[in-house]
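Have a look at the structure below, then the notes.
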Amino acid sequence: MSFSNLKILEFDAEAINLKAIRENLRGIFSEQNIDKNIADEMVIALNEACMNIIQHAYKGAAGKIQIKIEKNATQWRFELIDFAPAVDIKSIKAKDLAEVRPGGLGVNFIYQIMDSVDYQNIAESGNRLVLIKKIS
Amino acid sequence: MECKIEKKEQHSIVTLAGEVDLHCSAEARKSILSQISEMKHVMVDLSQVKYIDSSAIASLVEGIQMAKHANLKFSLISVSNEAMQVLKLARLDKVFSIFSNEDEALTG
């Protein structure tokens, strides 16, 4: 089933912009009358994904994050694109939550909340993360 | 984010408020860890937290670990629904000592 494009957000990859990213996402979810609990969870997952781009893809260097937001009758689809050097996808792992230690929770949150998580390296430059959330 | 520290005789309360994310979690971490060396019991009040991300949760985990190592008490009090949602996602709601308020934390 094809998706209709709702919005493309673009931000500088800086921690100070995370709040604005969340506010934009909340606004889009609110316009679409999505259940608040599901919306809150998706905001958490997308915030963590953006954080990972800032911390682990750009590693503090300047750059952009694009978030393409699409939906159809049964799914939301999010495509996060950065233009940082290719990350080692094999190194991206969800933390074992039985280990109580600081750090590494973000990927776990993304996997718990989203129904599909697909990391890709872009041939030219950058990385793409495609997230799918099923809705009833 | 706003961060306030209230020092009492035997314990201190670090109150975090607003949206605690990567942009300000270093400040939250500094405030929390600064109290662990000073007080027998550190409480972190999360009642006014509207959003908390994994970087701030990591600071809380660091806090409980430092406190355990120093044989001190570390509690979360008045946890907002938004903060509890993230603690549950991290399955940390059973790891932290969580109390409804300061008095409960003192006697708990």
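Ordered as shown in the structure tokens, chains take letters A, B, and onward, while each chain numbers its residues from 1 and ligands are numbered from 1 in the order shown.
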Could you tell me which residues of chain A sit within 7 Å of chain B when counting only C-alpha atoms, and give me the result as a list in words?
Ala15, Ile16, Leu97, Arg101, Pro102, Gly103, Leu105, Gly106 and Phe109 of chain A
Backbone DSSP call of strand (DSSP E) for chain A, listed as number ranges by chain:
A: 4-12, 64-71, 75-82, 116-121, 127-134
Write a file of the selected residues as a PDB file, in the first residue's frame, keeping C-alpha atoms.
```pdb
ATOM      1  CA  SER A   4       0.950   9.759   1.369  1.00  0.00           C
ATOM      2  CA  ASN A   5       3.633  12.264   2.235  1.00  0.00           C
ATOM      3  CA  LEU A   6       2.612  14.392   5.216  1.00  0.00           C
ATOM      4  CA  LYS A   7       5.682  16.518   5.806  1.00  0.00           C
ATOM      5  CA  ILE A   8       9.443  16.767   5.466  1.00  0.00           C
ATOM      6  CA  LEU A   9      11.242  18.369   8.413  1.00  0.00           C
ATOM      7  CA  GLU A  10      14.834  19.534   8.184  1.00  0.00           C
ATOM      8  CA  PHE A  11      16.988  20.619  11.116  1.00  0.00           C
ATOM      9  CA  ASP A  12      20.594  21.317  11.910  1.00  0.00           C
ATOM     10  CA  LYS A  64      21.483  18.322   8.614  1.00  0.00           C
ATOM     11  CA  ILE A  65      18.818  15.842   9.620  1.00  0.00           C
ATOM     12  CA  GLN A  66      15.838  15.315   7.330  1.00  0.00           C
ATOM     13  CA  ILE A  67      12.726  13.572   8.596  1.00  0.00           C
ATOM     14  CA  LYS A  68      10.220  12.485   5.965  1.00  0.00           C
ATOM     15  CA  ILE A  69       6.854  11.624   7.495  1.00  0.00           C
ATOM     16  CA  GLU A  70       4.336   9.506   5.607  1.00  0.00           C
ATOM     17  CA  LYS A  71       1.279   7.480   6.448  1.00  0.00           C
ATOM     18  CA  GLN A  75       1.072   2.461   9.053  1.00  0.00           C
ATOM     19  CA  TRP A  76       3.187   5.495   9.761  1.00  0.00           C
ATOM     20  CA  ARG A  77       6.503   5.606   7.950  1.00  0.00           C
ATOM     21  CA  PHE A  78       9.447   7.802   8.979  1.00  0.00           C
ATOM     22  CA  GLU A  79      12.595   8.201   6.942  1.00  0.00           C
ATOM     23  CA  LEU A  80      15.484   9.909   8.729  1.00  0.00           C
ATOM     24  CA  ILE A  81      18.360  10.955   6.508  1.00  0.00           C
ATOM     25  CA  ASP A  82      21.709  12.370   7.536  1.00  0.00           C
ATOM     26  CA  SER A 116      10.165  -2.092  11.752  1.00  0.00           C
ATOM     27  CA  VAL A 117      13.634  -0.532  12.057  1.00  0.00           C
ATOM     28  CA  ASP A 118      15.890  -0.486   9.005  1.00  0.00           C
ATOM     29  CA  TYR A 119      19.313   1.199   8.996  1.00  0.00           C
ATOM     30  CA  GLN A 120      20.865   1.805   5.579  1.00  0.00           C
ATOM     31  CA  ASN A 121      24.047   3.441   4.322  1.00  0.00           C
ATOM     32  CA  ASN A 127      22.734   7.221   6.361  1.00  0.00           C
ATOM     33  CA  ARG A 128      19.055   6.451   6.203  1.00  0.00           C
ATOM     34  CA  LEU A 129      16.863   5.045   8.942  1.00  0.00           C
ATOM     35  CA  VAL A 130      13.396   3.862   7.981  1.00  0.00           C
ATOM     36  CA  LEU A 131      10.957   3.350  10.828  1.00  0.00           C
ATOM     37  CA  ILE A 132       7.477   1.874  10.505  1.00  0.00           C
ATOM     38  CA  LYS A 133       4.755   2.029  13.146  1.00  0.00           C
ATOM     39  CA  LYS A 134       1.616   0.022  12.543  1.00  0.00           C
TER      40      LYS A 134
END
```
- prompt: Counting only C-alpha atoms, what is within 7 Å of Ser47 of chain B, bar same-chain residues fewer than 5 positions away, as a count of residues only?
  reply: 3
| message | Set the distance at 8 Å and use only C-alpha atoms: which residues neighbour Gln10 of chain B once local chain neighbours fewer than 3 positions away are removed? I'd like the list as a ChimeraX atom specification. | response | /B:39-41
Would you write out those residues with C-alpha atoms, as a compact mmCIF listing (two decimals), in the first residue's frame?
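Result file is part_8.txt:
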```txt
# COMPACT_ATOMS: atom_id res chain seq x y z
CA MET B 39 24.38 13.87 51.30
CA LYS B 40 23.34 10.56 52.86
CA HIS B 41 20.16 10.44 50.80
```
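Put simply, atom CA of Ala57 of chain A is 13.7 Å away from atom CA of Lys90 of chain A.
Taking atom CA of Ala86 of chain A and atom CA of Glu48 of chain A as the two end points, the separation is 18.5 Å.
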Residues flagged helix (DSSP H, G or I) by DSSP in chain A, as a PyMOL selection string
chain A and resi 15-31+36-57+89-91+105-113
